[in-house]
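Q: Just target03.txt, nothing more (compact mmCIF, C-alpha atoms):
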```txt
# COMPACT_ATOMS: atom_id res chain seq x y z
CA MET J 1 -2.61 45.35 -17.83
CA VAL J 2 0.11 44.38 -20.28
CA ASN J 3 2.08 42.59 -17.53
CA LEU J 4 -1.06 40.84 -16.35
CA SER J 5 -1.81 39.59 -19.88
CA ARG J 6 1.75 38.30 -20.22
CA SER J 7 1.48 36.50 -16.89
CA VAL J 8 -1.79 34.80 -17.90
CA ALA J 9 -0.23 33.76 -21.20
CA LEU J 10 2.81 32.26 -19.47
CA ILE J 11 0.63 30.37 -16.98
CA SER J 12 -1.44 28.98 -19.85
CA VAL J 13 1.69 27.78 -21.63
CA PHE J 14 2.91 25.94 -18.55
CA LEU J 15 -0.49 24.47 -17.65
CA LEU J 16 -1.37 23.26 -21.15
CA PRO J 17 0.96 20.22 -21.08
CA LEU J 18 -0.41 19.26 -17.67
CA LEU J 19 -4.01 19.51 -18.78
CA SER J 20 -3.31 17.45 -21.88
CA PHE J 21 -2.21 14.54 -19.67
CA SER J 22 -5.13 14.81 -17.24
CA PHE J 23 -7.65 12.02 -16.68
CA SER J 24 -10.82 12.26 -18.74
CA VAL J 25 -13.78 10.04 -19.52
CA ASP J 26 -12.97 10.09 -23.24
CA ASN J 27 -9.32 9.15 -22.57
CA PRO J 28 -9.43 7.10 -19.34
CA THR J 29 -5.79 6.08 -19.12
CA ASP J 30 -4.02 7.68 -16.16
CA ARG J 31 -1.05 9.79 -17.21
CA ARG J 32 0.31 11.58 -14.15
CA VAL J 33 1.55 9.16 -11.48
CA LEU J 34 3.17 9.98 -8.14
CA VAL J 35 5.76 7.39 -7.04
CA LEU J 36 6.59 7.39 -3.33
CA LEU J 37 9.83 5.67 -2.29
CA ASP J 38 11.46 5.18 1.09
CA ASP J 39 14.84 5.16 -0.66
CA LEU J 40 15.68 6.78 -4.00
CA SER J 41 17.85 3.78 -4.86
CA LEU J 42 14.61 1.94 -5.70
CA LYS J 43 14.38 4.18 -8.75
CA SER J 44 17.33 2.32 -10.27
CA SER J 45 16.77 -1.12 -8.69
CA HIS J 46 13.22 -1.19 -10.09
CA SER J 47 14.02 0.64 -13.33
CA ILE J 48 12.57 -2.01 -15.67
CA PHE J 49 9.10 -1.65 -14.19
CA PHE J 50 9.27 2.14 -14.18
CA ASN J 51 10.59 2.24 -17.74
CA THR J 52 7.69 0.13 -18.99
CA LEU J 53 5.33 2.73 -17.56
CA LYS J 54 7.26 5.59 -19.15
CA SER J 55 7.29 3.82 -22.51
CA ARG J 56 3.50 3.71 -22.40
CA GLY J 57 3.29 7.45 -21.92
CA PHE J 58 3.09 7.82 -18.15
CA ASP J 59 4.58 10.85 -16.45
CA LEU J 60 6.22 9.55 -13.24
CA ASP J 61 7.00 11.95 -10.41
CA PHE J 62 9.47 10.29 -7.98
CA LYS J 63 9.51 11.58 -4.41
CA LEU J 64 10.64 10.36 -1.01
CA ALA J 65 7.72 9.30 1.16
CA GLU J 66 8.84 11.68 3.91
CA ASP J 67 9.18 14.72 1.62
CA SER J 68 7.78 17.73 3.48
CA LYS J 69 6.18 19.11 0.31
CA LEU J 70 4.10 16.06 -0.53
CA ALA J 71 0.55 16.82 -1.67
CA LEU J 72 -1.99 14.99 -3.79
CA GLN J 73 -4.12 18.02 -4.52
CA ARG J 74 -3.90 21.76 -4.70
CA TYR J 75 -6.73 24.28 -4.69
CA GLY J 76 -9.22 21.43 -4.64
CA GLN J 77 -7.79 19.82 -7.80
CA TYR J 78 -5.84 16.56 -7.82
CA LEU J 79 -2.32 16.83 -9.18
CA TYR J 80 -2.05 13.13 -10.06
CA ASP J 81 -4.19 10.43 -11.64
CA GLY J 82 -2.41 7.47 -10.04
CA LEU J 83 -0.28 6.70 -6.99
CA ILE J 84 2.46 4.09 -6.49
CA ILE J 85 3.71 3.49 -2.94
CA PHE J 86 7.00 1.59 -2.67
CA ALA J 87 7.72 2.76 0.85
CA PRO J 88 6.81 -0.14 3.17
CA SER J 89 8.84 1.05 6.16
CA THR J 90 7.52 4.63 6.20
CA GLU J 91 5.88 5.40 9.53
CA ARG J 92 4.51 8.77 8.44
CA PHE J 93 4.20 10.52 5.12
CA GLY J 94 5.51 14.03 4.66
CA GLY J 95 3.53 17.13 3.78
CA SER J 96 -0.25 16.89 3.79
CA LEU J 97 -0.27 13.20 2.85
CA ASP J 98 -1.77 10.65 5.24
CA SER J 99 -3.90 7.51 5.11
CA LYS J 100 -7.13 9.54 4.97
CA SER J 101 -5.96 11.61 1.99
CA ILE J 102 -5.00 8.38 0.18
CA ALA J 103 -8.45 6.92 0.91
CA ASP J 104 -10.01 10.13 -0.44
CA PHE J 105 -7.75 9.81 -3.50
CA VAL J 106 -9.18 6.36 -4.23
CA ASP J 107 -12.71 7.53 -3.40
CA SER J 108 -12.31 10.19 -6.10
CA GLY J 109 -11.93 7.41 -8.70
CA ARG J 110 -8.13 7.37 -8.97
CA ASP J 111 -5.84 4.35 -8.81
CA LEU J 112 -3.27 2.97 -6.39
CA ILE J 113 -0.44 0.44 -6.34
CA LEU J 114 0.62 -0.40 -2.78
CA SER J 115 3.55 -2.69 -2.02
CA ALA J 116 4.55 -3.91 1.42
CA ASP J 117 7.43 -5.94 2.79
CA THR J 118 8.58 -7.60 5.99
CA ALA J 119 9.21 -4.14 7.43
CA ALA J 120 5.67 -2.93 6.66
CA SER J 121 4.68 -0.11 9.01
CA ASP J 122 1.33 0.35 10.69
CA LEU J 123 0.64 3.14 8.20
CA ILE J 124 0.99 0.83 5.20
CA ARG J 125 -0.97 -1.92 6.93
CA GLY J 126 -3.76 0.56 7.71
CA ILE J 127 -4.05 1.65 4.07
CA ALA J 128 -4.22 -2.01 3.00
CA THR J 129 -6.93 -2.69 5.58
CA GLU J 130 -9.00 0.15 4.15
CA CYS J 131 -8.86 -1.71 0.82
CA GLY J 132 -10.02 -5.04 2.29
CA VAL J 133 -6.60 -6.66 2.79
CA ASP J 134 -5.03 -7.73 6.11
CA PHE J 135 -1.29 -8.39 6.32
CA ASP J 136 0.07 -10.94 8.77
CA GLU J 137 0.16 -9.37 12.23
CA ASP J 138 3.62 -10.85 12.90
CA SER J 139 6.00 -8.22 11.51
CA SER J 140 8.82 -10.78 11.22
CA ALA J 141 6.78 -13.34 9.28
CA MET J 142 7.35 -14.17 5.63
CA VAL J 143 5.75 -16.58 3.19
CA ILE J 144 7.49 -19.96 3.37
CA ASP J 145 6.88 -22.85 1.03
CA HIS J 146 8.93 -26.07 1.19
CA THR J 147 7.49 -27.50 -2.04
CA SER J 148 6.93 -24.50 -4.35
CA PHE J 149 10.14 -22.59 -3.81
CA SER J 150 12.69 -21.56 -6.42
CA VAL J 151 15.75 -23.81 -6.62
CA SER J 152 17.87 -20.65 -6.86
CA ASP J 153 16.95 -19.78 -3.26
CA VAL J 154 20.54 -19.73 -1.97
CA ASP J 155 19.50 -18.88 1.59
CA GLY J 156 17.84 -22.26 1.95
CA ASP J 157 14.91 -20.92 3.97
CA HIS J 158 12.49 -21.42 1.07
CA THR J 159 11.18 -17.85 1.20
CA LEU J 160 11.79 -17.24 -2.51
CA ILE J 161 8.49 -18.55 -3.80
CA ALA J 162 7.94 -19.68 -7.40
CA ALA J 163 4.22 -18.96 -7.65
CA ASP J 164 2.07 -19.98 -10.60
CA ASP J 165 -1.47 -19.88 -9.15
CA LEU J 166 -2.73 -16.90 -11.16
CA VAL J 167 -6.24 -15.58 -11.55
CA LYS J 168 -7.85 -16.83 -14.74
CA SER J 169 -8.78 -13.53 -16.34
CA ASP J 170 -7.60 -12.26 -19.72
CA VAL J 171 -8.82 -8.80 -18.76
CA ILE J 172 -6.58 -8.51 -15.69
CA LEU J 173 -3.48 -10.40 -16.87
CA GLY J 174 -3.77 -10.18 -20.65
CA LYS J 175 -4.51 -12.79 -23.28
CA THR J 176 -0.93 -14.10 -23.45
CA LYS J 177 -0.42 -16.81 -20.86
CA ILE J 178 2.34 -16.26 -18.28
CA GLU J 179 4.37 -19.43 -18.75
CA ALA J 180 7.18 -18.94 -16.21
CA PRO J 181 6.47 -18.88 -12.46
CA VAL J 182 6.42 -15.52 -10.71
CA LEU J 183 9.15 -15.04 -8.09
CA PHE J 184 7.93 -13.65 -4.79
CA ARG J 185 9.65 -12.91 -1.49
CA GLY J 186 7.63 -11.00 1.05
CA VAL J 187 4.74 -11.04 3.49
CA ALA J 188 1.42 -12.83 3.30
CA HIS J 189 -1.97 -11.23 3.43
CA SER J 190 -5.55 -12.42 3.57
CA LEU J 191 -8.73 -10.96 2.15
CA ASN J 192 -11.48 -9.52 4.30
CA PRO J 193 -14.39 -11.98 3.83
CA THR J 194 -16.94 -9.15 4.15
CA ASN J 195 -15.41 -7.25 1.23
CA ASN J 196 -16.60 -8.70 -2.09
CA LEU J 197 -14.68 -6.13 -4.14
CA VAL J 198 -11.20 -7.55 -3.46
CA LEU J 199 -9.77 -10.46 -5.45
CA LYS J 200 -6.68 -12.67 -5.36
CA VAL J 201 -4.48 -12.32 -8.43
CA LEU J 202 -1.49 -14.38 -7.25
CA SER J 203 -2.10 -17.01 -4.58
CA ALA J 204 0.23 -19.20 -2.57
CA SER J 205 0.23 -22.99 -2.95
CA PRO J 206 -1.57 -25.28 -0.46
CA SER J 207 1.79 -26.09 1.22
CA ALA J 208 2.68 -22.45 2.00
CA TYR J 209 2.47 -20.82 5.40
CA SER J 210 3.41 -17.52 7.03
CA ALA J 211 6.03 -17.57 9.79
CA ASN J 212 9.38 -16.21 10.89
CA PRO J 213 11.96 -18.13 8.80
CA SER J 214 14.73 -17.60 11.36
CA SER J 215 12.94 -19.25 14.30
CA LYS J 216 11.18 -22.53 15.00
CA LEU J 217 7.40 -22.67 15.08
CA SER J 218 6.02 -22.73 18.60
CA SER J 219 2.39 -22.69 17.48
CA PRO J 220 0.50 -23.33 14.24
CA PRO J 221 0.72 -20.38 11.84
CA GLN J 222 -2.39 -18.24 11.38
CA LEU J 223 -2.12 -18.01 7.61
CA THR J 224 -1.66 -21.21 5.64
CA GLY J 225 -2.23 -22.71 2.22
CA SER J 226 -4.30 -21.15 -0.53
CA SER J 227 -5.87 -18.69 1.90
CA ILE J 228 -2.61 -16.74 1.57
CA SER J 229 -2.73 -14.09 -1.11
CA LEU J 230 0.54 -12.77 -2.49
CA VAL J 231 -0.93 -10.09 -4.77
CA SER J 232 -4.52 -8.86 -4.68
CA VAL J 233 -6.59 -6.32 -6.56
CA MET J 234 -9.63 -4.29 -5.66
CA GLN J 235 -12.01 -2.41 -7.92
CA ALA J 236 -14.14 0.03 -5.95
CA ARG J 237 -17.77 0.79 -6.73
CA ASN J 238 -16.64 4.03 -8.38
CA ASN J 239 -14.34 1.92 -10.64
CA ALA J 240 -11.13 3.08 -8.93
CA ARG J 241 -8.57 0.27 -9.01
CA VAL J 242 -6.05 -0.84 -6.39
CA VAL J 243 -3.21 -3.38 -6.50
CA ILE J 244 -1.77 -4.62 -3.20
CA SER J 245 1.42 -6.67 -3.16
CA GLY J 246 3.19 -8.26 -0.21
CA SER J 247 6.58 -7.78 -1.88
CA VAL J 248 8.44 -4.77 -3.21
CA GLN J 249 11.03 -7.18 -4.65
CA LEU J 250 8.35 -8.54 -6.97
CA PHE J 251 8.85 -5.40 -9.11
CA SER J 252 12.65 -5.38 -8.85
CA ASP J 253 15.08 -5.77 -11.76
CA ARG J 254 16.79 -8.61 -9.91
CA LEU J 255 13.73 -10.86 -9.81
CA ILE J 256 12.57 -9.77 -13.26
CA ARG J 257 15.90 -10.80 -14.83
CA SER J 258 16.34 -13.88 -12.70
CA GLY J 259 15.96 -17.36 -14.14
CA VAL J 260 13.53 -19.65 -12.38
CA GLN J 261 12.96 -23.33 -11.82
CA LYS J 262 10.24 -24.44 -9.46
CA ALA J 263 11.21 -27.16 -7.00
CA GLY J 264 10.10 -30.57 -8.23
CA SER J 265 9.57 -29.34 -11.79
CA PRO J 266 11.88 -30.22 -14.70
CA ASN J 267 11.03 -26.97 -16.51
CA GLN J 268 13.69 -24.27 -16.42
CA TYR J 269 13.08 -20.70 -17.56
CA GLU J 270 15.78 -18.21 -18.43
CA LYS J 271 13.55 -15.41 -17.18
CA SER J 272 10.87 -15.31 -14.52
CA GLY J 273 7.29 -14.31 -15.26
CA ASN J 274 7.62 -11.18 -13.11
CA GLU J 275 8.01 -8.66 -15.93
CA GLN J 276 4.99 -9.91 -17.84
CA PHE J 277 3.00 -10.18 -14.62
CA VAL J 278 3.66 -6.65 -13.31
CA THR J 279 3.36 -5.11 -16.79
CA GLU J 280 -0.03 -6.66 -17.50
CA LEU J 281 -1.22 -5.90 -13.98
CA SER J 282 -0.20 -2.25 -14.33
CA LYS J 283 -2.12 -2.02 -17.61
CA TRP J 284 -5.24 -3.14 -15.80
CA VAL J 285 -4.86 -0.95 -12.72
CA PHE J 286 -4.26 2.17 -14.82
CA HIS J 287 -7.31 1.48 -17.03
CA GLU J 288 -5.44 0.56 -20.19
CA ARG J 289 -7.61 -2.54 -20.31
CA GLY J 290 -11.05 -3.53 -19.08
CA HIS J 291 -12.50 -0.02 -19.11
CA LEU J 292 -16.04 0.25 -20.50
CA LYS J 293 -18.27 3.18 -21.27
CA ALA J 294 -21.93 3.16 -22.24
CA GLY J 295 -24.23 5.77 -23.66
CA ASN J 296 -26.88 6.64 -26.21
CA LEU J 297 -29.59 4.75 -24.35
CA VAL J 298 -32.59 4.84 -26.74
CA HIS J 299 -36.13 3.45 -26.55
CA HIS J 300 -39.22 3.92 -28.71
CA ARG J 301 -42.32 2.12 -29.92
CA VAL J 302 -41.92 -0.46 -32.66
CA GLY J 303 -42.20 1.25 -36.02
CA GLU J 304 -41.39 4.68 -34.62
CA THR J 305 -38.13 6.56 -34.10
CA ASP J 306 -39.04 9.28 -31.58
CA GLU J 307 -38.76 8.58 -27.87
CA PRO J 308 -42.20 8.97 -26.26
CA ALA J 309 -42.89 10.77 -23.02
CA ILE J 310 -45.12 7.95 -21.81
CA TYR J 311 -45.95 4.37 -22.73
CA ARG J 312 -49.26 2.54 -22.59
CA ILE J 313 -49.59 -0.94 -21.16
CA LYS J 314 -49.02 -3.69 -23.74
CA ASP J 315 -47.14 -1.37 -26.11
CA ASP J 316 -44.44 -3.05 -28.19
CA LEU J 317 -41.15 -1.20 -27.79
CA GLU J 318 -37.52 -1.38 -28.89
CA PHE J 319 -34.54 -0.64 -26.63
CA SER J 320 -30.85 -0.10 -27.48
CA VAL J 321 -27.65 1.08 -25.83
CA GLU J 322 -24.08 1.51 -27.08
CA ILE J 323 -21.12 0.03 -25.15
CA TYR J 324 -17.45 0.53 -26.01
CA GLU J 325 -14.17 -0.74 -24.52
CA TRP J 326 -10.96 1.26 -24.19
CA SER J 327 -8.12 -0.52 -25.98
CA GLY J 328 -5.37 1.66 -24.53
CA LYS J 329 -5.38 3.99 -27.53
CA SER J 330 -8.97 4.27 -28.75
CA TRP J 331 -12.53 3.14 -28.07
CA GLU J 332 -13.44 -0.18 -29.70
CA PRO J 333 -16.88 -1.85 -29.90
CA TYR J 334 -17.50 -4.12 -26.93
CA VAL J 335 -18.71 -7.60 -27.83
CA ALA J 336 -20.50 -9.78 -25.26
CA ASN J 337 -23.60 -11.93 -24.98
CA ASP J 338 -24.39 -11.34 -21.30
CA VAL J 339 -25.57 -7.71 -21.21
CA GLN J 340 -29.14 -7.41 -19.90
CA VAL J 341 -31.78 -4.71 -19.53
CA GLN J 342 -34.41 -4.55 -16.80
CA PHE J 343 -37.80 -2.88 -17.08
CA TYR J 344 -37.98 -2.07 -13.41
CA MET J 345 -40.53 -0.84 -10.89
CA MET J 346 -39.68 -1.95 -7.34
CA SER J 347 -38.60 -5.21 -9.01
CA PRO J 348 -37.86 -6.19 -12.62
CA TYR J 349 -41.06 -6.92 -14.56
CA VAL J 350 -39.05 -7.61 -17.72
CA LEU J 351 -35.47 -8.97 -17.91
CA LYS J 352 -34.05 -9.35 -21.41
CA THR J 353 -30.60 -10.29 -22.71
CA LEU J 354 -29.47 -7.81 -25.34
CA SER J 355 -28.39 -8.86 -28.82
CA THR J 356 -25.35 -7.15 -30.35
CA ASP J 357 -24.39 -6.18 -33.87
CA LYS J 358 -20.71 -6.46 -32.85
CA LYS J 359 -20.27 -2.77 -33.61
CA GLY J 360 -21.02 -1.59 -30.10
CA LEU J 361 -24.84 -1.52 -30.36
CA PHE J 362 -26.87 -3.74 -27.99
CA HIS J 363 -30.60 -3.98 -28.65
CA THR J 364 -33.81 -5.89 -27.92
CA SER J 365 -37.59 -5.53 -28.10
CA PHE J 366 -40.37 -6.50 -25.70
CA LYS J 367 -43.96 -5.77 -24.72
CA VAL J 368 -44.74 -3.37 -21.87
CA PRO J 369 -46.24 -5.37 -18.99
CA ASP J 370 -49.94 -5.03 -18.10
CA VAL J 371 -49.04 -2.90 -15.08
CA TYR J 372 -49.04 0.89 -14.98
CA GLY J 373 -46.79 3.13 -12.90
CA VAL J 374 -43.34 4.72 -13.12
CA PHE J 375 -40.81 2.29 -14.60
CA GLN J 376 -37.07 2.46 -15.30
CA PHE J 377 -34.93 1.03 -18.06
CA LYS J 378 -31.90 -0.27 -16.11
CA VAL J 379 -28.63 -1.63 -17.43
CA GLU J 380 -26.36 -2.87 -14.63
CA TYR J 381 -23.34 -4.78 -15.90
CA GLU J 382 -20.66 -6.34 -13.70
CA LYS J 383 -18.02 -8.67 -15.07
CA LEU J 384 -14.67 -9.79 -13.66
CA GLY J 385 -11.96 -7.29 -14.55
CA TYR J 386 -14.25 -4.79 -16.27
CA THR J 387 -15.47 -1.48 -14.96
CA THR J 388 -19.04 -1.54 -13.70
CA LEU J 389 -21.77 -0.02 -15.87
CA SER J 390 -24.92 1.40 -14.32
CA LEU J 391 -27.41 3.28 -16.48
CA SER J 392 -31.08 4.04 -15.97
CA LYS J 393 -33.81 6.08 -17.60
CA GLN J 394 -37.24 6.68 -16.11
CA ILE J 395 -40.48 6.39 -18.08
CA PRO J 396 -44.15 6.34 -16.93
CA VAL J 397 -46.64 3.72 -18.12
CA ARG J 398 -50.38 4.51 -18.26
CA PRO J 399 -53.44 2.24 -18.53
CA TYR J 400 -55.86 2.24 -21.47
CA ARG J 401 -58.07 5.29 -21.82
CA HIS J 402 -61.84 4.67 -21.80
CA ASN J 403 -62.02 4.90 -25.60
CA GLU J 404 -59.01 2.65 -26.24
CA TYR J 405 -60.55 -0.60 -25.04
CA GLU J 406 -61.85 -3.10 -27.62
CA ARG J 407 -65.55 -2.69 -28.46
CA PHE J 408 -66.20 -6.41 -28.08
CA ILE J 409 -63.87 -8.60 -26.09
CA PRO J 410 -63.66 -12.15 -27.53
CA THR J 411 -63.42 -13.73 -24.11
CA ALA J 412 -66.77 -12.12 -23.20
CA TYR J 413 -68.71 -13.70 -26.09
CA PRO J 414 -70.31 -16.33 -23.81
CA TYR J 415 -71.67 -13.55 -21.61
CA TYR J 416 -72.93 -11.66 -24.64
CA GLY J 417 -74.67 -14.83 -25.81
CA ALA J 418 -76.19 -15.45 -22.38
CA CYS J 419 -77.58 -11.90 -22.32
CA PHE J 420 -79.27 -12.13 -25.74
CA THR J 421 -80.50 -15.67 -25.01
CA THR J 422 -82.20 -14.42 -21.84
CA MET J 423 -83.83 -11.58 -23.76
CA ALA J 424 -85.07 -13.95 -26.48
CA GLY J 425 -86.37 -16.43 -23.91
CA PHE J 426 -88.27 -13.68 -22.06
CA PHE J 427 -89.86 -12.52 -25.36
CA VAL J 428 -90.97 -16.07 -26.23
CA PHE J 429 -92.31 -16.64 -22.72
CA SER J 430 -94.23 -13.36 -22.78
CA PHE J 431 -95.75 -14.14 -26.22
CA VAL J 432 -96.81 -17.63 -25.18
CA TYR J 433 -98.25 -16.44 -21.89
CA LEU J 434 -100.31 -13.62 -23.46
CA TYR J 435 -101.71 -15.50 -26.46
CA HIS J 436 -101.95 -19.05 -25.27
CA LYS J 437 -105.58 -20.26 -24.84
```
Please go through the file and, once you have read it, give me the structure as C-alpha cells.
A:
Amino acid sequence: MVNLSRSVALISVFLLPLLSFSFSVDNPTDRRVLVLLDDLSLKSSHSIFFNTLKSRGFDLDFKLAEDSKLALQRYGQYLYDGLIIFAPSTERFGGSLDSKSIADFVDSGRDLILSADTAASDLIRGIATECGVDFDEDSSAMVIDHTSFSVSDVDGDHTLIAADDLVKSDVILGKTKIEAPVLFRGVAHSLNPTNNLVLKVLSASPSAYSANPSSKLSSPPQLTGSSISLVSVMQARNNARVVISGSVQLFSDRLIRSGVQKAGSPNQYEKSGNEQFVTELSKWVFHERGHLKAGNLVHHRVGETDEPAIYRIKDDLEFSVEIYEWSGKSWEPYVANDVQVQFYMMSPYVLKTLSTDKKGLFHTSFKVPDVYGVFQFKVEYEKLGYTTLSLSKQIPVRPYRHNEYERFIPTAYPYYGACFTTMAGFFVFSFVYLYHK
C-alpha cells in the first residue's frame, strides 16, 4: 500500500504540469502543440517562428513525421491542443497518425497549421481537401507572377512573389497594418466553392498563374489571377481553426529576415512582412484572438427579477446575455452593435438587436407576440474572424385564461350599443302597439 501511494503521488507530480497547460473553456489558448517535420533542420531554419510561439507560452513538441511512436491521443485523451505540419513531402505518417486521425483531431475542436510545397504528397493534399482547399494537381507547378514579384528574385523565374492582397480583418491579422509585402514561394491552391467556412487570407495578384517555371506553357494554366489563394484559413462549425499555406518557406528565417521591394514599386523595405503576418495569423489560429464566450442568459417580466416558468401572450419582458472576448490573457467585455436575439417558434416572431452597456452585458425588451406555443430565445452570432456563438433557451407561452380577458372590450362598443338599442326599440314598439288606440 505504501508503494502504491508513492506511485500515485509521483504520477500526480508529473501530470500536474501537463494538466495546467491543457485546453479549457475558461483559458482557451492552446498550450501543447505537436510540430511534425520531414527534416529536423527545419527546427533551426524556421526558428524565428517557433521562438515567437515559445515566447507566448506554447509548449512545442518537435517530431519527425515518420516517427514510429507518433500519436495524437492516448487512452481516449488528446495529448496536444494544436498541430503544426511542416512535412509536405511525407507520404505516410508514423505511428497511429493518418489523415483520418487528423480530421478527428480537428473535429474535436483543436487547431491545425498545414503547410505544403512543390513536393506536396497525396497525403498532405488529401488533408487540405478535407478542409475545403484544393492544391494545383500539377506537382511541378508553382505560383508565377511577372508583375508582382520581388526584385531580389535572383533566379529570374518570378516565383518569389511579393504579395500584399491581405484579408481586411483586424481579428485575423491584428490591428497593426502589415506595411511590407509578404514573400511567398510555393504552390497555388483554390477554395472549394461549396465550402463557405474557408477564407482567403493572402491572395495572388490578377497577373499570377500556376505553372511549371522550368518549362514553356503548352496550354492555358488552370489556376490564374485572384482565384489563386496563397494562404487560407478555415473555422469549423465547432470553432476549430485551420491555416493552410502553399509554402513552408513563408515561415522560414530567410524570408522573414529578407528585405523586399515589389517590382514596379519605389518602396523598399528592410524586412518583409512575413514575421508580422505569420505571428498574427498564429495568434488567431491558436485562439489568442477572436475567441468569444457567452453565458448568463436571463429573461423575466418587466418589473420582476425571477425567471418565470411560462409567459402569457402580450406580456412585456426583458432579455439579457453576457458576452466576453479572450484577449490572450484574460476575458474582456465584448463590445458590438450587431448582436441579435430571436424569439423563435418554427420561425422568428421577434428579432431584436441588443443594446450593450460596454461591460459585456447585452440587453433588450419586447412584447410577447399574440401567439401561444413553445418558443425559444435564440442568440446566433457569426462574424468574420470570431468564434460562433449559439445559445438557446426554451419557454412556453400560454393564451389568456377565461378570467383574464377584459370585461368590456373597447372595440366592441358599437356592438354593445346595437344590442341595447334593439332592446330599447323593442320596448318602445311593444308599448306603442299595446296602448295605442
Q: Wanna dump the segment 88-184 of chain J-segment 385-395 of chain J contacts at 12 Å for me, each residue with its shortest atom pair and the distance in Å to one decimal, counting all atoms listed in the file, ordered by chain and number, as JSON lines?
A:
```
{"residue": "J:Gly109", "atom": "CA", "partner": "J:Thr387", "partner_atom": "CA", "distance": 11.4}
{"residue": "J:Val167", "atom": "CA", "partner": "J:Gly385", "partner_atom": "CA", "distance": 10.5}
{"residue": "J:Lys168", "atom": "CA", "partner": "J:Gly385", "partner_atom": "CA", "distance": 10.4}
{"residue": "J:Ser169", "atom": "CA", "partner": "J:Gly385", "partner_atom": "CA", "distance": 7.2}
{"residue": "J:Asp170", "atom": "CA", "partner": "J:Gly385", "partner_atom": "CA", "distance": 8.4}
{"residue": "J:Val171", "atom": "CA", "partner": "J:Gly385", "partner_atom": "CA", "distance": 5.5}
{"residue": "J:Ile172", "atom": "CA", "partner": "J:Gly385", "partner_atom": "CA", "distance": 5.6}
{"residue": "J:Leu173", "atom": "CA", "partner": "J:Gly385", "partner_atom": "CA", "distance": 9.3}
{"residue": "J:Gly174", "atom": "CA", "partner": "J:Gly385", "partner_atom": "CA", "distance": 10.6}
```
Q: Find the residues around segment 120-136 of chain J up to 6 Å (all atoms listed in the file counted), leave out those fewer than 3 positions away in its own chain, and share them as a PyMOL selection string.
A: chain J and resi 88-89+91+99+116-117+188-192+195
Q: Which residue is closest to Arg56 of chain J? Choose from J:Ser139, J:Glu179, J:Ala87, J:Arg32 and count all atoms listed in the file.
A: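 The shortest atom-to-atom distance to Arg56 of chain J comes from J:Arg32.
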Q: Which residues are close to segment 239-249 of chain J, i.e. within 7 Å by only C-alpha atoms, leaving aside same-chain residues fewer than 2 positions away? Reply as a PyMOL selection string.
A: chain J and resi 86+106+109-117+184-189+230-237+251-252+255+285+387-388
Q: As an exercise, work out the distance from atom CA of Ser226 of chain J to atom CA of Ala204 of chain J in Å and give it to one decimal place.
A: 5.3 Å
Q: Determine, counting all atoms listed in the file, which protein, DNA and RNA residues have an atom within 12 Å of an atom of Leu361 of chain J; residues of the same chain fewer than 2 positions away are not included. Present the result as a ChimeraX atom specification.
A: /J:294-298,319-324,332-337,339,354-359,363-364
Q: Selection from above, C-alpha atoms, as a PDB file, in the frame of the given file, can you write it?
A:
```
ATOM      1  CA  ALA J 294     -21.930   3.160 -22.240  1.00  0.00           C
ATOM      2  CA  GLY J 295     -24.230   5.770 -23.660  1.00  0.00           C
ATOM      3  CA  ASN J 296     -26.880   6.640 -26.210  1.00  0.00           C
ATOM      4  CA  LEU J 297     -29.590   4.750 -24.350  1.00  0.00           C
ATOM      5  CA  VAL J 298     -32.590   4.840 -26.740  1.00  0.00           C
ATOM      6  CA  PHE J 319     -34.540  -0.640 -26.630  1.00  0.00           C
ATOM      7  CA  SER J 320     -30.850  -0.100 -27.480  1.00  0.00           C
ATOM      8  CA  VAL J 321     -27.650   1.080 -25.830  1.00  0.00           C
ATOM      9  CA  GLU J 322     -24.080   1.510 -27.080  1.00  0.00           C
ATOM     10  CA  ILE J 323     -21.120   0.030 -25.150  1.00  0.00           C
ATOM     11  CA  TYR J 324     -17.450   0.530 -26.010  1.00  0.00           C
ATOM     12  CA  GLU J 332     -13.440  -0.180 -29.700  1.00  0.00           C
ATOM     13  CA  PRO J 333     -16.880  -1.850 -29.900  1.00  0.00           C
ATOM     14  CA  TYR J 334     -17.500  -4.120 -26.930  1.00  0.00           C
ATOM     15  CA  VAL J 335     -18.710  -7.600 -27.830  1.00  0.00           C
ATOM     16  CA  ALA J 336     -20.500  -9.780 -25.260  1.00  0.00           C
ATOM     17  CA  ASN J 337     -23.600 -11.930 -24.980  1.00  0.00           C
ATOM     18  CA  VAL J 339     -25.570  -7.710 -21.210  1.00  0.00           C
ATOM     19  CA  LEU J 354     -29.470  -7.810 -25.340  1.00  0.00           C
ATOM     20  CA  SER J 355     -28.390  -8.860 -28.820  1.00  0.00           C
ATOM     21  CA  THR J 356     -25.350  -7.150 -30.350  1.00  0.00           C
ATOM     22  CA  ASP J 357     -24.390  -6.180 -33.870  1.00  0.00           C
ATOM     23  CA  LYS J 358     -20.710  -6.460 -32.850  1.00  0.00           C
ATOM     24  CA  LYS J 359     -20.270  -2.770 -33.610  1.00  0.00           C
ATOM     25  CA  HIS J 363     -30.600  -3.980 -28.650  1.00  0.00           C
ATOM     26  CA  THR J 364     -33.810  -5.890 -27.920  1.00  0.00           C
TER      27      THR J 364
END
```
Q: Just the number, please: distance in Å from atom CA of Phe366 of chain J to atom CA of Lys383 of chain J, one decimal.
A: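 Straight-line distance from atom CA of Phe366 of chain J to atom CA of Lys383 of chain J works out to 24.8 Å.
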Q: Enter the distance from atom CA of Lys262 of chain J to atom CA of Leu160 of chain J, in Å, rounded to one decimal.
A: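 A separation of 10.1 Å between them.
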Q: Using all atoms of segment 32-37 of chain J listed in the file and a margin of 5 Å per side, can you give the axis-aligned box centre and edge lengths in Å to one decimal, as AutoDock Vina command-line options?
A:
```
--center_x 5.1 --center_y 8.6 --center_z -8.2 --size_x 19.5 --size_y 15.9 --size_z 21.9
```
Q: Excluding Pro213 of chain J and residues on its chain fewer than 6 positions from it, collect all residues at most 8 Å away from it, counting only C-alpha atoms, and give them as number ranges by chain.
A: J: 141-142, 144, 157, 159
Q: Scan for residues within 6 Å of the point (-33.0, -3.2, -16.5) in the coordinates of the file, using all atoms listed in the file, and reply as a list in words.
A: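 Residues lying no farther than 6 Å from the given point: Val341, Gln342, Phe343, Tyr344, Phe377, Lys378 and Val379 of chain J.
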